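start-v3.pdb (PDB, C-alpha atoms, pLDDT in the B column) appears below.
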```
ATOM      1  CA  MET A1415       0.000   0.000   0.000  1.00 79.00           C
ATOM      2  CA  GLN A1416       1.305   3.425  -0.946  1.00 86.00           C
ATOM      3  CA  ASP A1417       1.655   6.199   1.541  1.00 92.00           C
ATOM      4  CA  ASP A1418       1.845   9.944   0.849  1.00 90.00           C
ATOM      5  CA  PHE A1419       5.597   9.808   0.264  1.00 92.00           C
ATOM      6  CA  ASP A1420       5.265   7.052  -2.335  1.00 92.00           C
ATOM      7  CA  ARG A1421       2.539   8.961  -4.180  1.00 93.00           C
ATOM      8  CA  ALA A1422       4.611  12.160  -4.100  1.00 93.00           C
ATOM      9  CA  SER A1423       7.628  10.271  -5.420  1.00 95.00           C
ATOM     10  CA  ASP A1424       5.556   8.697  -8.210  1.00 94.00           C
ATOM     11  CA  LEU A1425       4.129  12.088  -9.168  1.00 95.00           C
ATOM     12  CA  GLU A1426       7.586  13.645  -9.180  1.00 97.00           C
ATOM     13  CA  GLN A1427       8.943  10.867 -11.402  1.00 96.00           C
ATOM     14  CA  HIS A1428       5.963  11.180 -13.750  1.00 96.00           C
ATOM     15  CA  ASP A1429       6.491  14.947 -14.075  1.00 95.00           C
ATOM     16  CA  ARG A1430      10.205  14.426 -14.722  1.00 95.00           C
ATOM     17  CA  ASP A1431       9.503  11.788 -17.390  1.00 95.00           C
ATOM     18  CA  GLU A1432       6.968  14.068 -19.096  1.00 94.00           C
ATOM     19  CA  ALA A1433       9.429  16.981 -19.116  1.00 92.00           C
ATOM     20  CA  ILE A1434      12.143  14.823 -20.678  1.00 90.00           C
ATOM     21  CA  LYS A1435       9.690  13.478 -23.270  1.00 91.00           C
ATOM     22  CA  HIS A1436       8.604  17.023 -24.156  1.00 89.00           C
ATOM     23  CA  ILE A1437      12.196  18.156 -24.658  1.00 84.00           C
ATOM     24  CA  ARG A1438      13.043  15.122 -26.785  1.00 83.00           C
ATOM     25  CA  ASP A1439       9.913  15.572 -28.913  1.00 83.00           C
ATOM     26  CA  HIS A1440      10.732  19.226 -29.600  1.00 79.00           C
ATOM     27  CA  GLN A1441      14.505  18.972 -29.894  1.00 73.00           C
ATOM     28  CA  LYS A1442      15.894  20.272 -33.158  1.00 74.00           C
ATOM     29  CA  THR A1443      17.861  17.807 -35.239  1.00 73.00           C
ATOM     30  CA  ILE A1444      20.859  19.335 -36.942  1.00 75.00           C
ATOM     31  CA  GLU A1445      21.153  17.946 -40.452  1.00 78.00           C
ATOM     32  CA  SER A1446      24.382  17.573 -42.400  1.00 79.00           C
ATOM     33  CA  ASN A1447      24.793  20.162 -45.147  1.00 87.00           C
ATOM     34  CA  GLY A1448      27.973  18.827 -46.781  1.00 92.00           C
ATOM     35  CA  SER A1449      30.371  20.657 -44.483  1.00 94.00           C
ATOM     36  CA  CYS A1450      31.395  20.506 -40.854  1.00 95.00           C
ATOM     37  CA  LEU A1451      29.082  22.682 -38.761  1.00 92.00           C
ATOM     38  CA  ASN A1452      32.052  23.873 -36.721  1.00 93.00           C
ATOM     39  CA  CYS A1453      35.010  24.459 -39.048  1.00 95.00           C
ATOM     40  CA  HIS A1454      33.072  24.434 -42.369  1.00 94.00           C
ATOM     41  CA  GLU A1455      35.470  21.994 -44.027  1.00 95.00           C
ATOM     42  CA  PRO A1456      33.843  19.564 -46.499  1.00 95.00           C
ATOM     43  CA  SER A1457      32.380  16.601 -44.614  1.00 92.00           C
ATOM     44  CA  ILE A1458      29.684  14.008 -45.254  1.00 91.00           C
ATOM     45  CA  LYS A1459      28.819  14.077 -41.558  1.00 91.00           C
ATOM     46  CA  ARG A1460      27.718  16.991 -39.362  1.00 91.00           C
ATOM     47  CA  PHE A1461      31.191  17.272 -37.833  1.00 94.00           C
ATOM     48  CA  CYS A1462      34.520  16.198 -39.273  1.00 93.00           C
ATOM     49  CA  ASP A1463      35.761  14.835 -35.942  1.00 95.00           C
ATOM     50  CA  ILE A1464      34.994  14.652 -32.248  1.00 95.00           C
ATOM     51  CA  ASP A1465      37.010  17.803 -31.485  1.00 96.00           C
ATOM     52  CA  CYS A1466      34.853  19.871 -33.838  1.00 95.00           C
ATOM     53  CA  ARG A1467      31.704  18.392 -32.320  1.00 93.00           C
ATOM     54  CA  ASN A1468      32.869  19.126 -28.788  1.00 95.00           C
ATOM     55  CA  ASP A1469      33.873  22.688 -29.698  1.00 95.00           C
ATOM     56  CA  TYR A1470      30.518  23.296 -31.404  1.00 92.00           C
ATOM     57  CA  GLU A1471      28.548  21.912 -28.451  1.00 90.00           C
ATOM     58  CA  LYS A1472      30.594  23.925 -25.949  1.00 92.00           C
ATOM     59  CA  ARG A1473      30.048  27.211 -27.825  1.00 88.00           C
ATOM     60  CA  HIS A1474      26.335  26.594 -28.300  1.00 83.00           C
ATOM     61  CA  HIS A1475      25.889  25.579 -24.658  1.00 80.00           C
ATOM     62  CA  GLU A1476      27.623  28.797 -23.552  1.00 74.00           C
ATOM     63  CA  ASN A1477      25.418  30.841 -25.889  1.00 71.00           C
ATOM     64  CA  ARG A1478      22.274  29.275 -24.391  1.00 70.00           C
ATOM     65  CA  LEU A1479      23.464  30.180 -20.906  1.00 65.00           C
ATOM     66  CA  LEU A1480      23.917  33.820 -21.936  1.00 64.00           C
ATOM     67  CA  THR A1481      20.436  34.213 -23.398  1.00 58.00           C
TER      68      THR A1481
END
```

Starting from the file, lay out its structure as structure tokens.
Amino acid sequence: MQDDFDRASDLEQHDRDEAIKHIRDHQKTIESNGSCLNCHEPSIKRFCDIDCRNDYEKRHHENRLLT
């Protein structure tokens, strides 16, 4: 039998799951455009290597924090 704490915990988990689902459903997918999104060198993938991806993500994360 659930007590108040169990129900509160279940509700909290449900709200958290719904928030994550909402973000995933509305997350923008960055498509490849024939060049690296960071250094703009020709690439068949979004980023030419992991360093470019990490640099891109770091800059965009910092920009989101500033806005």

What does the distance from atom CA of A:Lys1435 to atom CA of A:Asp1465 come to in Å, to one decimal? 28.9 Å

One number please: atom CA of A:Ser1449 to atom CA of A:Phe1461, in Å, one decimal.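 Answer for the atom CA of A:Ser1449 to atom CA of A:Phe1461 separation: 7.5 Å.
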
Please compute the atom CA of A:Asn1477-atom CA of A:Ile1458 distance, one decimal, in Å.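 Those two atoms sit 26.0 Å apart.
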
Hits from the PyMOL selection byres ((chain A and resi 1470) around 12), listed as a JSON list (two decimals) with C-alpha atoms, in the coordinates of the input:
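And here is the file that came out, out_34.json:
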```
[["chain", "number", "residue", "atom", "x", "y", "z"],
["A", 1444, "ILE", "CA", 20.86, 19.34, -36.94],
["A", 1450, "CYS", "CA", 31.40, 20.51, -40.85],
["A", 1451, "LEU", "CA", 29.08, 22.68, -38.76],
["A", 1452, "ASN", "CA", 32.05, 23.87, -36.72],
["A", 1453, "CYS", "CA", 35.01, 24.46, -39.05],
["A", 1454, "HIS", "CA", 33.07, 24.43, -42.37],
["A", 1460, "ARG", "CA", 27.72, 16.99, -39.36],
["A", 1461, "PHE", "CA", 31.19, 17.27, -37.83],
["A", 1462, "CYS", "CA", 34.52, 16.20, -39.27],
["A", 1463, "ASP", "CA", 35.76, 14.84, -35.94],
["A", 1464, "ILE", "CA", 34.99, 14.65, -32.25],
["A", 1465, "ASP", "CA", 37.01, 17.80, -31.48],
["A", 1466, "CYS", "CA", 34.85, 19.87, -33.84],
["A", 1467, "ARG", "CA", 31.70, 18.39, -32.32],
["A", 1468, "ASN", "CA", 32.87, 19.13, -28.79],
["A", 1469, "ASP", "CA", 33.87, 22.69, -29.70],
["A", 1471, "GLU", "CA", 28.55, 21.91, -28.45],
["A", 1472, "LYS", "CA", 30.59, 23.92, -25.95],
["A", 1473, "ARG", "CA", 30.05, 27.21, -27.82],
["A", 1474, "HIS", "CA", 26.34, 26.59, -28.30],
["A", 1475, "HIS", "CA", 25.89, 25.58, -24.66],
["A", 1476, "GLU", "CA", 27.62, 28.80, -23.55],
["A", 1477, "ASN", "CA", 25.42, 30.84, -25.89]]
```
